[in-house]
Structure formats: C-alpha cells, structure tokens
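J.: Take this structure first; my questions come after.
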Amino acid sequence: MDLENRVWTIPAENMKRRKAHRIPLTPQAIEILNQIREQFNYVFPVERDTNSHISSYSRQIPRLNAV
C-alpha cells in the first residue's frame, strides 16, 4: 500500500486476469491503516498471533463480518 499517494495496488500476479488492480484510498481508510500499523505488522493479523497474517480470506469472512 502506498499511503503517501493514497493507493493500494494489487500486483498483476495476484489477480485472476493478470492485470494490476489499483484501489484509491480515502482519507478515512488511510487513518484506519495508520492506526492499525501502530499495533500490528499486518492489516489483517491472525487473532492469536499478531505477527502473522490471514492466509485465507474466505475462511475469515464470518469473523470480519462480526466486527
């Protein structure tokens, strides 16, 4: 994520169509990301190990929706 330029770029190799995807970040999103960065190494840390990240988003959707 490039917070300075307010954009999150997902590399082409991680996208189904092999084309990079750019997501503009709102000021509110940047504020949240800065707060998360103060506490964790990842945007979506594992609950039991904040030094690790969620590797399967689909399995975490129910937990994220509960927030």
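Ligands are numbered from 1 in the order shown, chains are lettered A, B, ... in the order of the structure tokens, and residues start at 1 in each chain.
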If you count only C-alpha atoms, which residues fall within 12 Å of Arg22 in chain A, apart from same-chain ones fewer than 5 positions away, as a list of chain:residue names?
T.: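 That gives A:Met1, A:Asp2, A:Asn5, A:Arg6, A:Val7, A:Trp8, A:Thr9, A:Ile10, A:Pro11, A:Ala12, A:Met15.
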J.: Would you work out the distance separating CA of Ile36 in chain A from CA of Pro24 in chain A, expressed in Å to one decimal?
T.: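 If I compute the distance from CA of Ile36 in chain A to CA of Pro24 in chain A, I get 18.1 Å.
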J.: Which is closer to Thr26 in chain A than all the others in A:Gln39, A:Glu4, A:Asn65, A:Glu13, using only C-alpha atoms?
T.: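 Nearest candidate to Thr26 in chain A out of A:Gln39, A:Glu4, A:Asn65, A:Glu13: A:Glu4.
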J.: If you measure from CA of Ala29 in chain A to CA of Val43 in chain A, what distance in Å do you get, rounded to one decimal?
T.: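 So the two atoms, CA of Ala29 in chain A and CA of Val43 in chain A, lie 11.4 Å apart.
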J.: Could you state the separation of CA of Pro62 in chain A and CA of Gln35 in chain A in Å, given to one decimal place?
T.: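 Interatomic distance, CA of Pro62 in chain A to CA of Gln35 in chain A: 22.9 Å.
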